[in-house]
file entry22.tsv (TSV, C-alpha atoms)
chain	number	residue	atom	x	y	z
A	1	MET	CA	-25.64	34.04	4.61
A	2	ASN	CA	-23.65	37.22	4.63
A	3	GLN	CA	-20.16	36.85	5.90
A	4	PRO	CA	-20.11	38.26	9.40
A	5	SER	CA	-17.15	40.23	10.64
A	6	THR	CA	-16.45	37.66	13.35
A	7	ILE	CA	-15.28	34.08	12.86
A	8	ARG	CA	-17.96	31.54	13.82
A	9	GLN	CA	-16.81	28.36	15.54
A	10	SER	CA	-19.26	25.95	13.92
A	11	ALA	CA	-20.11	25.09	10.34
A	12	PRO	CA	-23.18	26.82	8.86
A	13	GLY	CA	-26.26	24.67	9.47
A	14	GLU	CA	-25.39	21.24	10.86
A	15	SER	CA	-21.85	19.83	10.98
A	16	SER	CA	-23.20	16.44	9.92
A	17	ALA	CA	-24.78	18.02	6.83
A	18	TRP	CA	-21.32	19.13	5.75
A	19	VAL	CA	-20.21	15.50	5.67
A	20	LEU	CA	-23.03	14.95	3.17
A	21	TYR	CA	-22.18	18.07	1.12
A	22	LEU	CA	-18.46	17.28	0.91
A	23	GLY	CA	-19.12	13.58	0.25
A	24	ASP	CA	-21.54	14.45	-2.53
A	25	MET	CA	-19.17	17.01	-4.03
A	26	SER	CA	-16.34	14.45	-3.97
A	27	VAL	CA	-18.46	11.81	-5.72
A	28	PHE	CA	-19.27	14.36	-8.44
A	29	ALA	CA	-15.57	15.29	-8.64
A	30	LEU	CA	-14.67	11.63	-9.27
A	31	PHE	CA	-17.29	11.37	-12.04
A	32	LEU	CA	-16.04	14.62	-13.62
A	33	ALA	CA	-12.41	13.44	-13.51
A	34	THR	CA	-13.43	10.09	-15.05
A	35	TYR	CA	-15.29	11.93	-17.83
A	36	SER	CA	-12.22	14.12	-18.48
A	37	PHE	CA	-9.97	11.05	-18.70
A	38	TYR	CA	-12.20	9.13	-21.12
A	39	LYS	CA	-12.70	12.23	-23.22
A	40	GLN	CA	-8.96	12.23	-23.87
A	41	ALA	CA	-9.23	8.67	-25.19
A	42	SER	CA	-11.86	9.51	-27.85
A	43	PRO	CA	-11.60	13.28	-28.46
A	44	ASP	CA	-13.20	13.30	-31.91
A	45	ALA	CA	-16.18	11.13	-30.93
A	46	PHE	CA	-16.77	13.25	-27.82
A	47	ALA	CA	-16.49	16.52	-29.79
A	48	GLU	CA	-18.96	15.27	-32.40
A	49	ALA	CA	-21.46	14.22	-29.74
A	50	GLN	CA	-20.93	17.49	-27.84
A	51	SER	CA	-21.94	19.46	-30.93
A	52	PHE	CA	-25.53	18.20	-30.42
A	53	LEU	CA	-25.75	20.04	-27.09
A	54	SER	CA	-27.29	23.50	-27.07
A	55	ARG	CA	-24.97	25.94	-25.34
A	56	ASN	CA	-27.81	28.45	-25.10
A	57	THR	CA	-29.93	25.98	-23.13
A	58	GLY	CA	-27.03	25.13	-20.81
A	59	SER	CA	-26.25	28.83	-20.34
A	60	LEU	CA	-29.90	29.62	-19.63
A	61	ASN	CA	-29.97	26.96	-16.92
A	62	THR	CA	-26.76	28.40	-15.42
A	63	PHE	CA	-28.36	31.84	-15.13
A	64	VAL	CA	-31.56	30.33	-13.70
A	65	LEU	CA	-29.57	28.57	-10.96
A	66	LEU	CA	-27.48	31.66	-10.23
A	67	LEU	CA	-30.69	33.69	-9.90
A	68	SER	CA	-32.10	31.04	-7.57
A	69	SER	CA	-28.95	31.30	-5.44
A	70	LEU	CA	-29.50	35.05	-5.14
A	71	THR	CA	-33.14	34.63	-4.11
A	72	MET	CA	-32.03	31.97	-1.59
A	73	LEU	CA	-29.54	34.45	-0.10
A	74	ILE	CA	-32.29	37.09	0.13
A	75	THR	CA	-34.55	34.54	1.87
A	76	VAL	CA	-31.90	33.78	4.52
A	77	ASP	CA	-31.16	37.48	4.98
A	78	ASN	CA	-34.87	38.21	5.55
A	79	LEU	CA	-35.24	35.31	7.99
A	80	LYS	CA	-32.22	36.51	9.98
A	81	ARG	CA	-33.99	39.86	10.31
A	82	GLY	CA	-37.26	38.19	11.25
A	83	LEU	CA	-39.04	39.30	8.08
A	84	LEU	CA	-41.28	36.33	7.31
A	85	VAL	CA	-43.42	37.76	4.50
A	86	PRO	CA	-40.55	38.61	2.11
A	87	ALA	CA	-38.82	35.37	3.17
A	88	ARG	CA	-41.88	33.38	2.05
A	89	LEU	CA	-42.00	35.28	-1.22
A	90	PHE	CA	-38.32	34.70	-2.04
A	91	THR	CA	-38.50	31.02	-1.03
A	92	ALA	CA	-41.41	30.64	-3.46
A	93	ILE	CA	-39.40	32.42	-6.18
A	94	THR	CA	-36.44	30.07	-5.52
A	95	ILE	CA	-38.79	27.09	-5.92
A	96	LEU	CA	-40.07	28.62	-9.15
A	97	PHE	CA	-36.51	28.92	-10.51
A	98	GLY	CA	-35.93	25.27	-9.58
A	99	MET	CA	-39.03	24.32	-11.56
A	100	VAL	CA	-37.82	26.38	-14.53
A	101	PHE	CA	-34.45	24.55	-14.39
A	102	ILE	CA	-36.23	21.16	-14.39
A	103	GLY	CA	-38.49	22.24	-17.27
A	104	ILE	CA	-35.54	23.38	-19.40
A	105	LYS	CA	-33.61	20.18	-18.63
A	106	VAL	CA	-36.54	17.91	-19.53
A	107	HIS	CA	-37.03	19.88	-22.77
A	108	GLU	CA	-33.30	19.50	-23.54
A	109	TYR	CA	-33.43	15.74	-22.88
A	110	SER	CA	-36.42	15.28	-25.18
A	111	LEU	CA	-34.78	17.33	-27.97
A	112	LEU	CA	-31.55	15.36	-27.67
A	113	LEU	CA	-33.27	12.00	-27.72
A	114	SER	CA	-35.23	12.98	-30.82
A	115	LYS	CA	-32.17	14.41	-32.62
A	116	VAL	CA	-29.58	11.79	-31.83
A	117	GLU	CA	-30.43	8.23	-32.81
A	118	GLU	CA	-29.61	5.82	-30.03
A	119	ALA	CA	-28.03	8.67	-28.05
A	120	ILE	CA	-27.95	6.48	-25.01
A	121	ARG	CA	-25.39	4.20	-26.69
A	122	VAL	CA	-22.95	7.02	-27.49
A	123	GLU	CA	-20.21	7.14	-24.85
A	124	PHE	CA	-20.36	10.92	-24.41
A	125	PHE	CA	-24.10	10.81	-23.77
A	126	THR	CA	-23.67	8.06	-21.18
A	127	TYR	CA	-21.58	10.53	-19.17
A	128	TYR	CA	-23.86	13.42	-20.09
A	129	PHE	CA	-27.04	11.70	-18.89
A	130	MET	CA	-25.31	10.28	-15.80
A	131	LEU	CA	-23.85	13.63	-14.69
A	132	THR	CA	-26.84	15.82	-15.54
A	133	GLY	CA	-29.32	13.16	-14.34
A	134	LEU	CA	-27.58	12.86	-10.98
A	135	HIS	CA	-27.53	16.64	-10.76
A	136	LEU	CA	-31.24	16.77	-11.62
A	137	LEU	CA	-31.89	14.31	-8.79
A	138	HIS	CA	-30.10	16.73	-6.45
A	139	ILE	CA	-32.29	19.56	-7.75
A	140	LEU	CA	-35.39	17.48	-6.90
A	141	VAL	CA	-34.08	16.84	-3.36
A	142	GLY	CA	-33.33	20.57	-3.05
A	143	MET	CA	-36.87	21.38	-4.19
A	144	GLY	CA	-38.21	19.06	-1.50
A	145	LEU	CA	-36.14	20.91	1.11
A	146	LEU	CA	-37.29	24.29	-0.22
A	147	ILE	CA	-40.96	23.25	-0.12
A	148	SER	CA	-40.42	22.05	3.49
A	149	LEU	CA	-38.80	25.39	4.28
A	150	LEU	CA	-41.73	27.29	2.76
A	151	TRP	CA	-44.15	25.21	4.81
A	152	HIS	CA	-41.99	25.75	7.92
A	153	ILE	CA	-41.94	29.53	7.63
A	154	SER	CA	-45.56	29.73	6.50
A	155	THR	CA	-46.79	27.97	9.65
A	156	ARG	CA	-44.80	30.26	11.95
A	157	MET	CA	-46.91	33.16	13.16
A	158	SER	CA	-44.00	34.70	15.04
A	159	SER	CA	-40.41	35.07	13.92
A	160	VAL	CA	-39.36	31.84	15.67
A	161	VAL	CA	-37.78	29.95	12.80
A	162	ASP	CA	-35.32	27.08	13.07
A	163	MET	CA	-32.28	28.80	11.55
A	164	ARG	CA	-30.31	25.56	11.45
A	165	PHE	CA	-32.87	24.06	9.07
A	166	VAL	CA	-32.80	27.27	7.03
A	167	GLU	CA	-28.99	27.12	6.74
A	168	VAL	CA	-28.97	23.38	5.90
A	169	THR	CA	-31.51	24.00	3.10
A	170	ALA	CA	-29.69	27.10	1.81
A	171	CYS	CA	-26.27	25.38	1.82
A	172	TYR	CA	-27.72	22.36	0.00
A	173	TRP	CA	-29.25	24.59	-2.68
A	174	HIS	CA	-25.98	26.51	-3.10
A	175	MET	CA	-24.10	23.19	-3.38
A	176	VAL	CA	-26.43	22.15	-6.23
A	177	ASP	CA	-25.65	25.49	-7.92
A	178	LEU	CA	-21.90	25.01	-7.32
A	179	LEU	CA	-21.95	21.56	-8.94
A	180	TRP	CA	-23.72	22.92	-12.02
A	181	LEU	CA	-21.13	25.73	-12.28
A	182	ILE	CA	-18.52	22.99	-12.89
A	183	ILE	CA	-20.66	20.51	-14.88
A	184	PHE	CA	-21.84	23.16	-17.38
A	185	PRO	CA	-18.42	24.34	-18.66
A	186	LEU	CA	-16.99	20.82	-18.65
A	187	LEU	CA	-19.82	19.30	-20.73
A	188	TYR	CA	-20.88	22.27	-22.86
A	189	LEU	CA	-17.90	24.60	-23.25
A	190	THR	CA	-14.69	22.54	-23.38
B	1	MET	CA	-26.31	41.79	1.47
B	2	ARG	CA	-24.60	44.39	-0.70
B	3	LYS	CA	-21.31	42.45	-0.67
B	4	THR	CA	-23.15	39.21	-1.52
B	5	THR	CA	-24.91	40.90	-4.44
B	6	LEU	CA	-21.57	42.16	-5.75
B	7	ILE	CA	-20.15	38.63	-5.55
B	8	TRP	CA	-23.22	37.35	-7.40
B	9	LEU	CA	-22.58	39.93	-10.14
B	10	VAL	CA	-18.96	38.73	-10.38
B	11	LEU	CA	-20.32	35.17	-10.87
B	12	ILE	CA	-22.62	36.38	-13.67
B	13	ILE	CA	-19.79	38.27	-15.40
B	14	ALA	CA	-17.44	35.26	-15.06
B	15	THR	CA	-20.14	33.00	-16.57
B	16	ILE	CA	-20.63	35.34	-19.54
B	17	TYR	CA	-16.85	35.51	-20.07
B	18	SER	CA	-16.59	31.68	-19.99
B	19	MET	CA	-19.37	31.41	-22.55
B	20	LYS	CA	-17.66	33.95	-24.77
B	21	ILE	CA	-14.29	32.18	-24.81
B	22	GLY	CA	-16.03	28.79	-25.05
B	23	GLN	CA	-17.59	29.90	-28.34
B	24	ASP	CA	-14.33	29.22	-30.14
B	25	GLN	CA	-15.83	25.84	-31.03
B	26	HIS	CA	-13.49	25.16	-33.91
B	27	ALA	CA	-10.34	25.32	-31.83
B	28	LEU	CA	-11.91	23.59	-28.84
B	29	SER	CA	-13.42	20.70	-30.76
B	30	ARG	CA	-10.07	19.89	-32.35
B	31	GLY	CA	-8.45	19.92	-28.93
B	32	GLU	CA	-6.09	22.65	-30.06
B	33	ALA	CA	-6.96	25.05	-27.33
B	34	PRO	CA	-5.55	23.73	-24.05
B	35	TRP	CA	-5.16	27.30	-22.84
B	36	LEU	CA	-8.90	27.97	-23.39
B	37	HIS	CA	-9.74	24.74	-21.55
B	38	THR	CA	-7.50	25.80	-18.65
B	39	GLN	CA	-9.10	29.24	-18.53
B	40	ILE	CA	-12.67	27.87	-18.60
B	41	ILE	CA	-12.01	25.31	-15.84
B	42	ALA	CA	-10.06	27.84	-13.74
B	43	ILE	CA	-13.00	30.27	-13.97
B	44	ALA	CA	-15.43	27.46	-13.04
B	45	MET	CA	-13.35	26.55	-9.97
B	46	PHE	CA	-13.06	30.23	-9.01
B	47	LYS	CA	-16.86	30.48	-9.15
B	48	ALA	CA	-17.23	27.27	-7.12
B	49	ARG	CA	-14.90	28.72	-4.47
B	50	MET	CA	-16.90	31.97	-4.37
B	51	VAL	CA	-20.11	29.98	-3.76
B	52	LEU	CA	-18.45	27.92	-0.99
B	53	ILE	CA	-16.82	30.87	0.77
B	54	HIS	CA	-19.49	33.55	0.41
B	55	PHE	CA	-22.83	31.81	-0.23
B	56	MET	CA	-22.39	28.65	1.85
B	57	GLY	CA	-20.75	30.58	4.66
B	58	VAL	CA	-17.45	28.68	4.71
B	59	GLY	CA	-15.55	31.96	4.73
B	60	ALA	CA	-17.04	32.83	8.09
B	61	THR	CA	-15.80	29.65	9.73
B	62	GLY	CA	-12.28	29.26	10.99
B	63	GLY	CA	-10.28	26.07	10.82
B	64	ALA	CA	-10.84	22.64	9.35
B	65	LEU	CA	-13.95	23.22	7.21
B	66	ARG	CA	-12.38	26.10	5.33
B	67	TYR	CA	-9.15	24.14	4.73
B	68	VAL	CA	-11.11	21.10	3.50
B	69	CYS	CA	-13.16	23.23	1.09
B	70	GLU	CA	-10.11	25.10	-0.21
B	71	ALA	CA	-8.35	21.73	-0.70
B	72	TRP	CA	-11.39	20.36	-2.57
B	73	VAL	CA	-11.34	23.30	-4.98
B	74	LEU	CA	-7.58	22.94	-5.56
B	75	ILE	CA	-7.67	19.15	-6.03
B	76	VAL	CA	-10.70	19.12	-8.35
B	77	GLY	CA	-9.44	22.11	-10.36
B	78	GLY	CA	-5.97	20.55	-10.55
B	79	ALA	CA	-7.43	17.24	-11.75
B	80	LEU	CA	-9.71	18.76	-14.40
B	81	ILE	CA	-6.93	20.97	-15.74
B	82	GLY	CA	-4.18	18.38	-15.26
B	83	ILE	CA	-5.81	15.35	-16.91
B	84	PRO	CA	-5.75	16.81	-20.47
B	85	MET	CA	-2.15	17.91	-19.89
B	86	LEU	CA	-0.99	14.53	-18.58
B	87	TRP	CA	-2.87	12.60	-21.25
B	88	PRO	CA	-3.09	14.72	-24.41
B	89	HIS	CA	-5.68	13.84	-27.05
B	90	GLY	CA	-5.08	10.46	-28.58
B	91	SER	CA	-2.43	9.35	-26.06
B	92	ILE	CA	-4.82	6.93	-24.35
B	93	ALA	CA	-5.70	3.70	-26.12
B	94	LEU	CA	-8.67	1.96	-24.54
B	95	THR	CA	-10.22	-1.30	-25.60
B	96	HIS	CA	-14.00	-1.44	-25.25
call {"tool": "encode", "arguments": {"input": "entry22.tsv", "output": "C-alpha coordinates"}}
result
Amino acid sequence: MNQPSTIRQSAPGESSAWVLYLGDMSVFALFLATYSFYKQASPDAFAEAQSFLSRNTGSLNTFVLLLSSLTMLITVDNLKRGLLVPARLFTAITILFGMVFIGIKVHEYSLLLSKVEEAIRVEFFTYYFMLTGLHLLHILVGMGLLISLLWHISTRMSSVVDMRFVEVTACYWHMVDLLWLIIFPLLYLT
Amino acid sequence: MRKTTLIWLVLIIATIYSMKIGQDQHALSRGEAPWLHTQIIAIAMFKARMVLIHFMGVGATGGALRYVCEAWVLIVGGALIGIPMLWPHGSIALTH
(Lines of atoms letter the chains of each structure in order from A and count residues from 1; the text may use other names and numbers.)
(Lines give C-alpha, C1' and ligand atoms only; values in the text may rest on other atoms or scores of the structure.)
Protein backbone atom coordinates (compact mmCIF):
# COMPACT_ATOMS: atom_id res chain seq x y z
CA MET A 1 0.00 0.00 0.00
CA ASN A 2 2.43 2.62 -1.14
CA GLN A 3 1.20 6.12 -0.83
CA PRO A 4 0.26 7.27 -4.31
CA SER A 5 0.95 10.79 -5.42
CA THR A 6 -2.75 11.48 -5.89
CA ILE A 7 -5.41 11.66 -3.18
CA ARG A 8 -7.88 8.77 -3.38
CA GLN A 9 -11.51 9.51 -2.60
CA SER A 10 -12.37 6.29 -0.79
CA ALA A 11 -10.90 4.49 2.19
CA PRO A 12 -8.46 1.65 1.43
CA GLY A 13 -10.39 -1.63 1.18
CA GLU A 14 -14.02 -1.27 2.25
CA SER A 15 -15.41 1.79 4.04
CA SER A 16 -17.45 -0.49 6.29
CA ALA A 17 -14.26 -2.32 7.33
CA TRP A 18 -12.91 0.98 8.64
CA VAL A 19 -15.85 1.19 11.04
CA LEU A 20 -14.66 -2.17 12.40
CA TYR A 21 -10.99 -1.11 12.55
CA LEU A 22 -11.70 2.19 14.31
CA GLY A 23 -14.25 0.59 16.64
CA ASP A 24 -11.78 -2.13 17.56
CA MET A 25 -8.96 0.36 18.06
CA SER A 26 -11.21 2.48 20.30
CA VAL A 27 -12.18 -0.52 22.45
CA PHE A 28 -8.48 -1.31 22.91
CA ALA A 29 -7.81 2.36 23.71
CA LEU A 30 -10.43 2.25 26.49
CA PHE A 31 -8.86 -0.90 27.96
CA LEU A 32 -5.38 0.67 27.79
CA ALA A 33 -6.59 3.87 29.49
CA THR A 34 -8.33 1.80 32.20
CA TYR A 35 -5.11 -0.16 32.76
CA SER A 36 -3.12 3.10 33.03
CA PHE A 37 -5.58 4.49 35.58
CA TYR A 38 -5.58 1.40 37.82
CA LYS A 39 -1.81 1.17 37.59
CA GLN A 40 -1.64 4.57 39.26
CA ALA A 41 -3.70 3.21 42.15
CA SER A 42 -1.32 0.32 42.94
CA PRO A 43 2.07 1.28 41.43
CA ASP A 44 4.21 -0.99 43.59
CA ALA A 45 2.04 -4.09 43.09
CA PHE A 46 1.94 -3.48 39.33
CA ALA A 47 5.72 -2.91 39.15
CA GLU A 48 6.39 -6.11 41.10
CA ALA A 49 4.11 -8.14 38.81
CA GLN A 50 5.60 -6.47 35.72
CA SER A 51 9.06 -7.67 36.72
CA PHE A 52 7.93 -11.24 35.90
CA LEU A 53 7.46 -10.29 32.23
CA SER A 54 10.32 -10.97 29.84
CA ARG A 55 11.14 -7.84 27.88
CA ASN A 56 13.17 -9.91 25.44
CA THR A 57 10.13 -12.04 24.60
CA GLY A 58 7.91 -8.97 24.17
CA SER A 59 10.57 -7.29 22.02
CA LEU A 60 10.99 -10.41 19.90
CA ASN A 61 7.25 -10.48 19.23
CA THR A 62 7.35 -6.78 18.28
CA PHE A 63 10.04 -7.45 15.67
CA VAL A 64 8.15 -10.51 14.39
CA LEU A 65 5.00 -8.42 13.85
CA LEU A 66 6.95 -5.57 12.24
CA LEU A 67 8.56 -8.08 9.88
CA SER A 68 5.13 -9.50 9.08
CA SER A 69 3.90 -5.99 8.27
CA LEU A 70 6.78 -5.59 5.81
CA THR A 71 6.03 -8.91 4.10
CA MET A 72 2.34 -7.90 3.95
CA LEU A 73 3.32 -4.65 2.21
CA ILE A 74 5.45 -6.61 -0.27
CA THR A 75 2.49 -8.94 -0.93
CA VAL A 76 0.18 -6.02 -1.74
CA ASP A 77 2.84 -4.37 -3.90
CA ASN A 78 3.30 -7.60 -5.90
CA LEU A 79 -0.46 -8.07 -6.31
CA LYS A 80 -0.83 -4.49 -7.58
CA ARG A 81 1.76 -5.33 -10.22
CA GLY A 82 0.04 -8.60 -11.06
CA LEU A 83 2.91 -10.75 -9.76
CA LEU A 84 1.09 -13.71 -8.24
CA VAL A 85 4.02 -16.04 -7.51
CA PRO A 86 5.95 -13.66 -5.22
CA ALA A 87 2.62 -12.52 -3.73
CA ARG A 88 1.86 -16.12 -2.72
CA LEU A 89 5.33 -16.53 -1.27
CA PHE A 90 5.14 -13.35 0.84
CA THR A 91 1.59 -14.13 2.02
CA ALA A 92 2.88 -17.51 3.20
CA ILE A 93 5.82 -15.81 4.96
CA THR A 94 3.37 -13.39 6.66
CA ILE A 95 1.33 -16.38 7.88
CA LEU A 96 4.55 -17.96 9.14
CA PHE A 97 5.40 -14.81 11.14
CA GLY A 98 1.88 -14.89 12.60
CA MET A 99 2.45 -18.49 13.70
CA VAL A 100 5.80 -17.53 15.25
CA PHE A 101 4.06 -14.71 17.19
CA ILE A 102 1.43 -17.17 18.49
CA GLY A 103 4.12 -19.71 19.43
CA ILE A 104 6.14 -17.12 21.38
CA LYS A 105 3.00 -15.85 23.14
CA VAL A 106 1.87 -19.34 24.17
CA HIS A 107 5.40 -20.08 25.45
CA GLU A 108 5.34 -16.80 27.42
CA TYR A 109 1.93 -17.63 28.93
CA SER A 110 3.09 -21.07 30.03
CA LEU A 111 6.29 -19.67 31.58
CA LEU A 112 4.36 -16.99 33.44
CA LEU A 113 1.77 -19.39 34.78
CA SER A 114 4.50 -21.72 36.03
CA LYS A 115 6.55 -18.89 37.61
CA VAL A 116 3.83 -16.85 39.24
CA GLU A 117 1.59 -18.68 41.68
CA GLU A 118 -2.04 -17.83 41.10
CA ALA A 119 -1.00 -15.25 38.50
CA ILE A 120 -4.56 -15.00 37.37
CA ARG A 121 -5.54 -13.45 40.72
CA VAL A 122 -2.93 -10.68 40.56
CA GLU A 123 -4.54 -7.47 39.30
CA PHE A 124 -1.75 -6.66 36.84
CA PHE A 125 -2.02 -10.09 35.24
CA THR A 126 -5.79 -9.73 34.87
CA TYR A 127 -5.10 -6.74 32.61
CA TYR A 128 -2.10 -8.46 31.02
CA PHE A 129 -4.02 -11.59 30.05
CA MET A 130 -7.08 -9.59 28.96
CA LEU A 131 -5.13 -7.21 26.72
CA THR A 132 -2.70 -9.73 25.25
CA GLY A 133 -5.42 -12.42 25.00
CA LEU A 134 -7.73 -10.09 23.10
CA HIS A 135 -4.83 -9.14 20.87
CA LEU A 136 -4.01 -12.82 20.32
CA LEU A 137 -7.63 -13.36 19.27
CA HIS A 138 -7.16 -10.60 16.67
CA ILE A 139 -3.99 -12.33 15.45
CA LEU A 140 -6.01 -15.54 14.96
CA VAL A 141 -8.69 -13.66 12.98
CA GLY A 142 -5.91 -12.04 10.93
CA MET A 143 -4.39 -15.47 10.27
CA GLY A 144 -7.77 -16.67 9.03
CA LEU A 145 -7.94 -13.71 6.64
CA LEU A 146 -4.37 -14.32 5.45
CA ILE A 147 -5.07 -18.02 4.80
CA SER A 148 -8.20 -16.98 2.83
CA LEU A 149 -6.06 -14.51 0.89
CA LEU A 150 -3.47 -17.20 0.11
CA TRP A 151 -6.23 -19.51 -1.10
CA HIS A 152 -7.75 -16.65 -3.13
CA ILE A 153 -4.54 -15.81 -4.96
CA SER A 154 -3.51 -19.45 -5.32
CA THR A 155 -6.72 -20.31 -7.18
CA ARG A 156 -6.35 -17.40 -9.61
CA MET A 157 -4.61 -18.47 -12.79
CA SER A 158 -4.65 -14.95 -14.19
CA SER A 159 -3.88 -11.71 -12.40
CA VAL A 160 -7.56 -11.06 -11.66
CA VAL A 161 -7.48 -10.62 -7.90
CA ASP A 162 -10.08 -8.88 -5.76
CA MET A 163 -7.97 -5.94 -4.58
CA ARG A 164 -10.62 -4.83 -2.11
CA PHE A 165 -10.28 -8.13 -0.24
CA VAL A 166 -6.50 -7.79 -0.40
CA GLU A 167 -6.65 -4.27 1.10
CA VAL A 168 -9.16 -5.29 3.81
CA THR A 169 -6.88 -8.17 4.85
CA ALA A 170 -3.72 -6.03 4.71
CA CYS A 171 -5.29 -3.18 6.71
CA TYR A 172 -6.57 -5.63 9.33
CA TRP A 173 -3.11 -7.17 9.71
CA HIS A 174 -1.49 -3.74 10.01
CA MET A 175 -4.10 -2.77 12.63
CA VAL A 176 -3.13 -5.84 14.69
CA ASP A 177 0.52 -4.72 14.40
CA LEU A 178 -0.43 -1.13 15.37
CA LEU A 179 -2.24 -2.33 18.51
CA TRP A 180 0.77 -4.38 19.60
CA LEU A 181 3.04 -1.35 19.07
CA ILE A 182 1.05 0.37 21.86
CA ILE A 183 0.35 -2.66 24.10
CA PHE A 184 4.02 -3.73 24.21
CA PRO A 185 5.55 -0.51 25.63
CA LEU A 186 2.63 0.06 28.00
CA LEU A 187 2.79 -3.43 29.56
CA TYR A 188 6.49 -4.24 29.25
CA LEU A 189 8.44 -0.97 29.21
CA THR A 190 6.68 1.58 31.44
CA MET B 1 8.12 0.42 -2.02
CA ARG B 2 11.41 2.16 -1.24
CA LYS B 3 9.65 4.85 0.84
CA THR B 4 7.64 2.18 2.70
CA THR B 5 10.83 0.25 3.48
CA LEU B 6 12.43 3.41 4.86
CA ILE B 7 9.39 4.00 7.08
CA TRP B 8 9.62 0.39 8.25
CA LEU B 9 13.28 0.97 9.17
CA VAL B 10 12.26 4.08 11.14
CA LEU B 11 9.76 1.88 13.05
CA ILE B 12 12.51 -0.65 13.84
CA ILE B 13 14.91 2.07 15.03
CA ALA B 14 12.15 3.70 17.15
CA THR B 15 11.38 0.30 18.72
CA ILE B 16 15.04 -0.30 19.58
CA TYR B 17 15.28 3.20 21.08
CA SER B 18 12.14 2.60 23.20
CA MET B 19 13.59 -0.67 24.47
CA LYS B 20 16.85 1.04 25.33
CA ILE B 21 15.27 3.82 27.39
CA GLY B 22 12.78 1.35 28.89
CA GLN B 23 15.70 -0.61 30.35
CA ASP B 24 16.04 1.93 33.14
CA GLN B 25 13.92 -0.45 35.21
CA HIS B 26 14.95 0.98 38.54
CA ALA B 27 13.68 4.46 37.82
CA LEU B 28 10.61 3.25 35.97
CA SER B 29 9.50 0.73 38.56
CA ARG B 30 9.60 3.37 41.29
CA GLY B 31 7.51 5.68 39.13
CA GLU B 32 10.26 8.28 39.25
CA ALA B 33 10.62 8.60 35.54
CA PRO B 34 7.54 10.37 34.16
CA TRP B 35 9.68 11.81 31.39
CA LEU B 36 10.74 8.30 30.28
CA HIS B 37 7.10 7.17 30.36
CA THR B 38 6.12 10.19 28.23
CA GLN B 39 8.91 9.47 25.75
CA ILE B 40 8.03 5.77 25.44
CA ILE B 41 4.31 6.42 24.91
CA ALA B 42 5.00 9.31 22.51
CA ILE B 43 7.25 7.02 20.43
CA ALA B 44 4.57 4.28 20.49
CA MET B 45 1.92 6.73 19.25
CA PHE B 46 4.29 8.06 16.58
CA LYS B 47 4.79 4.47 15.37
CA ALA B 48 1.03 3.84 15.44
CA ARG B 49 0.49 6.97 13.32
CA MET B 50 3.16 5.83 10.83
CA VAL B 51 1.37 2.47 10.44
CA LEU B 52 -2.01 4.19 9.95
CA ILE B 53 -0.76 6.80 7.47
CA HIS B 54 1.74 4.79 5.44
CA PHE B 55 0.91 1.09 5.86
CA MET B 56 -2.89 1.25 6.12
CA GLY B 57 -3.08 3.87 3.39
CA VAL B 58 -4.83 6.58 5.42
CA GLY B 59 -2.30 9.13 4.20
CA ALA B 60 -3.50 8.65 0.65
CA THR B 61 -7.10 9.48 1.51
CA GLY B 62 -8.35 13.00 1.85
CA GLY B 63 -10.92 14.15 4.35
CA ALA B 64 -12.78 12.51 7.20
CA LEU B 65 -10.89 9.22 7.57
CA ARG B 66 -7.54 10.94 7.94
CA TYR B 67 -8.94 13.42 10.49
CA VAL B 68 -10.56 10.61 12.50
CA CYS B 69 -7.31 8.61 12.56
CA GLU B 70 -5.20 11.64 13.50
CA ALA B 71 -7.71 12.43 16.27
CA TRP B 72 -7.55 8.83 17.53
CA VAL B 73 -3.76 9.01 17.80
CA LEU B 74 -3.90 12.36 19.62
CA ILE B 75 -6.67 11.32 22.04
CA VAL B 76 -5.16 7.92 22.90
CA GLY B 77 -1.64 9.35 23.21
CA GLY B 78 -2.97 12.24 25.30
CA ALA B 79 -4.85 9.85 27.59
CA LEU B 80 -1.93 7.43 28.10
CA ILE B 81 0.48 10.28 28.80
CA GLY B 82 -2.03 12.41 30.71
CA ILE B 83 -3.41 9.80 33.14
CA PRO B 84 -0.13 9.40 35.11
CA MET B 85 0.22 13.20 35.19
CA LEU B 86 -3.34 13.83 36.39
CA TRP B 87 -3.22 11.01 38.93
CA PRO B 88 0.37 10.58 40.15
CA HIS B 89 1.37 7.34 41.87
CA GLY B 90 -0.49 6.81 45.09
CA SER B 91 -3.01 9.62 44.58
CA ILE B 92 -5.84 7.19 43.83
CA ALA B 93 -7.35 5.23 46.70
CA LEU B 94 -9.52 2.37 45.51
CA THR B 95 -11.43 -0.07 47.64
CA HIS B 96 -11.55 -3.61 46.26
call {"tool": "residues_around", "arguments": {"input": "entry22.tsv", "residues": "Lys39 (chain A)", "least_positions_apart": "5", "cutoff": "9 Å", "atoms": "all atoms listed in the file", "output": "list of chain:residue names"}}
result
A:Thr34, A:Asp44, A:Ala45, A:Phe46, A:Ala47, A:Phe124, B:Pro84, B:His89
call {"tool": "write_last_selection", "arguments": {"input": "entry22.tsv", "atoms": "C-alpha atoms", "output": "JSON list (two decimals), in the coordinates of the input"}}
result
[["chain", "number", "residue", "atom", "x", "y", "z"],
["A", 34, "THR", "CA", -13.43, 10.09, -15.05],
["A", 44, "ASP", "CA", -13.20, 13.30, -31.91],
["A", 45, "ALA", "CA", -16.18, 11.13, -30.93],
["A", 46, "PHE", "CA", -16.77, 13.25, -27.82],
["A", 47, "ALA", "CA", -16.49, 16.52, -29.79],
["A", 124, "PHE", "CA", -20.36, 10.92, -24.41],
["B", 84, "PRO", "CA", -5.75, 16.81, -20.47],
["B", 89, "HIS", "CA", -5.68, 13.84, -27.05]]
call {"tool": "residues_near_point", "arguments": {"input": "entry22.tsv", "point": "(-13.5, 13.9, -5.0)", "cutoff": "12 Å", "atoms": "only C-alpha atoms", "output": "list in words"}}
result
Tyr21, Leu22, Gly23, Asp24, Met25, Ser26, Val27, Phe28, Ala29, Leu30, Phe31, Leu32, Ala33 and Thr34 of chain A; Val68, Cys69, Ala71, Trp72, Val73, Leu74, Ile75, Val76, Gly77, Gly78, Ala79 and Leu80 of chain B
call {"tool": "residues_around", "arguments": {"input": "entry22.tsv", "residues": "region 42-53 of chain B", "least_positions_apart": "4", "cutoff": "8 Å", "atoms": "all atoms listed in the file", "output": "MDAnalysis selection string"}}
result
(chainID A and resid 174:175 178:179 181:182 185) or (chainID B and resid 7 11 14 18 38 57:60 66 69:70 73 77 81)
call {"tool": "atom_distance", "arguments": {"input": "entry22.tsv", "atom1": "CA of Thr190 (chain A)", "atom2": "CA of His37 (chain B)"}}
result
5.7 Å
call {"tool": "atom_distance", "arguments": {"input": "entry22.tsv", "atom1": "CA of Tyr188 (chain A)", "atom2": "CA of Thr132 (chain A)"}}
result
11.4 Å
call {"tool": "atom_distance", "arguments": {"input": "entry22.tsv", "atom1": "CA of His54 (chain B)", "atom2": "CA of Ile41 (chain B)"}}
result
19.7 Å
call {"tool": "closest_residue", "arguments": {"input": "entry22.tsv", "among": "A:Val122, A:Ile147, A:Phe37, A:Arg88", "to": "Leu86 (chain B)", "atoms": "only C-alpha atoms"}}
result
A:Phe37
call {"tool": "residues_near_point", "arguments": {"input": "entry22.tsv", "point": "(-24.9, 38.6, -2.3)", "cutoff": "8 Å", "atoms": "all atoms listed in the file", "output": "PyMOL selection string"}}
result
(chain A and resi 2+70+73-74) or (chain B and resi 1-8+54-55)
